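Q: After the structure tokens below, expect a handful of questions from me.
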Amino acid sequence: MPTDFDLLVIGAGQAGLSAGYHLQRLGLRPEQDFLIVDHAPGPGGAWQFRWPSLTLTTVNRVHDLPGMSFAETLPPGSESAPAATAVPHYYELYEKHFDLRVRRQVSVKVVCDRAEDGSPAEHGPILNAETDPAGTIRVRGLINGTGTWEHPFIPRYRGAETFAGRQLHTHDYRTAAEFAGKHVVVVGGGISAVQLLDEISQVTSTTWVTRTEPIFRDASFGPEDGRAAVAKVEDRVRRGLPPGSVVSVTGLRLDDRLRAAQRRGALHRLPMFDHIEPDGVRWADGTFQPAQVILWATGFRSALDHLAPLRLRGPGGGITMTGRLATQVAADPRIHLIGYGPSASTIGANRAGRAAAVELTRYLGLG
């Protein structure tokens with residue numbers, strides 16, 4: 001059956017660009033053998049949407065894409081530059097240097113598996129990616145690098161719909177100044193949660209709540225810590241379970257900024273409240289905290305809704321993964337997920353991009 005391209009790469013973040021680079025190295029040509037599409041207006045993946053106060057000094061390390069150093073694209077003295085401008089600039093230079101020809105503002109709405117007569121088929125030869133505004137793109141294989149940014153997660157709590165103040169997610173955060181004079185309840189125990197708690201607590205009063213007791217550590221995260229975190233998440237996705245939290249393995253590093261927050265009393269953690277009321281939150285023992293803002297720093301879920309017709313999820317709630325770096329969908333080897341599970345970091349996405357390119361081209365007999 002005819003196809004438009006052999007392979008489609010969805011998403012031009014770290015994972016998608018890494019996959020594009022390695023596909024080229026394997027002899028495939030962009031816009032001829034494979035196509036990279038991205039829904040955003042410009043380069044940078046999710047980085048272009050991050051809050052302005054997230055700088056290169058406060059963000060977790062941004063690992064180099066293959067073949068080009070991030071540091072070499074930074075002007076002198078840019079250590080405190082906003083990540084939302086510095087990283088997209090790097091990605092833009094990278095795309096141009098390697099001529100990856102990303103097609104932008106192309107949203108993949110759904111991916112279907114169809115037989116020649118248009119009826120559903122089990123792993124037929126063609127995948128149809130229905131996009132806006134590019135129409136249907138027919139391919140033999142798919143590398144999905146959509147990440148998590150477009151799928152923020154807010155847990156359900158009784159009374160949330162009655163809250164008279166403002167509720168927002170990390171996804172929508174811009175600056176702490178807008179909360180001045182308001183009491184803010186920060187929910188979540190991850191890295192972003194404590195970074196935003198630190199910022200907000202410098203301009204107004206805060207309450208911090210988490211489901212489990214946070215674990216702080218003084219030492220920097222070493223290679224063994226990273227490997228332990230990746231191994232735990234990889235084990236979960238190979239068993240068909242949803243990816244777990246990396247922070248649950250590594251803990252939170254207590255750096256100078258967080259020590260200052262600790263001295264201010266901002267890191268005094270409370271257990272999760274029982275329910276939400278119009279003017280605050282209440283715990284099961286009756287304790288009440290008036291609040292005007294609830295910030296849900298409760299993480300993200302993988303943005304995979306467009307793959308739902310392929311029925312990749314198993315009874316464990318996740319997608320069973322296989323392959324050398326757990327990028328290949330066990331139920332459908334034509335599909336690789338990068339930026340999912342153990343590859344949901346900049347260094348993990350790099351390695352996963354290469355693994356997906358090599359394994360998928362080999363499986364399809366390309367290159």
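By order of appearance in the structure tokens: chains A, B, ..., then residues from 1 within every chain, and ligands from 1 in the order shown.
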Determine, counting only C-alpha atoms, which protein, DNA and RNA residues have an atom within 8 Å of an atom of A:Tyr340; residues of the same chain fewer than 6 positions away are not included. Present the result as a compact mmCIF listing (two decimals) with C-alpha atoms, in the first residue's frame.

A:
```txt
# COMPACT_ATOMS: atom_id res chain seq x y z
CA GLY A 145 7.67 12.19 21.33
CA GLY A 147 5.97 14.22 26.27
CA PRO A 243 5.42 5.33 34.89
CA SER A 302 1.81 11.26 29.15
CA THR A 327 10.86 2.55 23.80
```

Q: Need to verify the contact set: A:Met321, 12 Å, only C-alpha atoms, exclusion of same-chain residues closer than 2 positions in sequence. Can you return it as a VMD selection string?

A: chain A and resid 233 to 243 312 to 314 318 to 319 323 to 333 335 to 338 340 to 343 356

Q: Could you give me, as a ChimeraX atom specification, the residues within 9 Å of A:Lys109, counting only C-alpha atoms and dropping anything in the same chain fewer than 2 positions from it?

A: /A:107,111,129-132,305-307

Q: Do you know which residues are at most 8 Å from A:Ala261 counting only C-alpha atoms, after dropping those on the same chain fewer than 4 positions away, and could you put them as a list in words?

A: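 Within the cut-off, the hits are Asp198, Ser201, Arg257, Gly265, Ala266 and Leu267 of chain A.
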
Q: With N, CA and C atoms kept, could you save the residues just selected as a PDB file, in the first residue's frame?

A:
```
ATOM      1  N   ASP A 198       9.087  28.084  46.918  1.00  0.00           N
ATOM      2  CA  ASP A 198      10.154  29.011  47.301  1.00  0.00           C
ATOM      3  C   ASP A 198       9.870  30.413  46.760  1.00  0.00           C
ATOM      4  N   SER A 201       6.576  31.998  48.382  1.00  0.00           N
ATOM      5  CA  SER A 201       6.705  32.289  49.812  1.00  0.00           C
ATOM      6  C   SER A 201       7.524  33.545  50.074  1.00  0.00           C
ATOM      7  N   ARG A 257      18.988  27.725  47.925  1.00  0.00           N
ATOM      8  CA  ARG A 257      17.696  28.401  47.844  1.00  0.00           C
ATOM      9  C   ARG A 257      16.660  27.735  48.742  1.00  0.00           C
ATOM     10  N   GLY A 265      10.546  29.100  57.002  1.00  0.00           N
ATOM     11  CA  GLY A 265       9.422  28.267  57.420  1.00  0.00           C
ATOM     12  C   GLY A 265       8.540  27.814  56.283  1.00  0.00           C
ATOM     13  N   ALA A 266       8.960  28.113  55.038  1.00  0.00           N
ATOM     14  CA  ALA A 266       8.136  27.775  53.882  1.00  0.00           C
ATOM     15  C   ALA A 266       8.071  26.277  53.624  1.00  0.00           C
ATOM     16  N   LEU A 267       9.079  25.536  54.072  1.00  0.00           N
ATOM     17  CA  LEU A 267       9.114  24.103  53.802  1.00  0.00           C
ATOM     18  C   LEU A 267       8.469  23.278  54.913  1.00  0.00           C
TER      19      LEU A 267
END
```

Q: Excluding stretch 159-166 of chain A and residues on its chain fewer than 3 positions from it, collect all residues at most 10 Å away from it, counting only C-alpha atoms, and give them as a PyMOL selection string.

A: chain A and resi 155-156+179+182+184+274-281+291-295

Q: Please indicate the distance in Å from atom CA of A:Glu359 to atom CA of A:Ala308, rounded to one decimal place.

A: 23.0 Å

Q: Which residues are close to A:His97, i.e. within 12 Å by only C-alpha atoms, leaving aside same-chain residues fewer than 2 positions away? Reply as a count of residues only.

A: 15

Q: Between atom CA of A:His183 and atom CA of A:Ser205, what is the distance, to one decimal in Å?

A: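 Straight-line distance from atom CA of A:His183 to atom CA of A:Ser205 works out to 5.1 Å.
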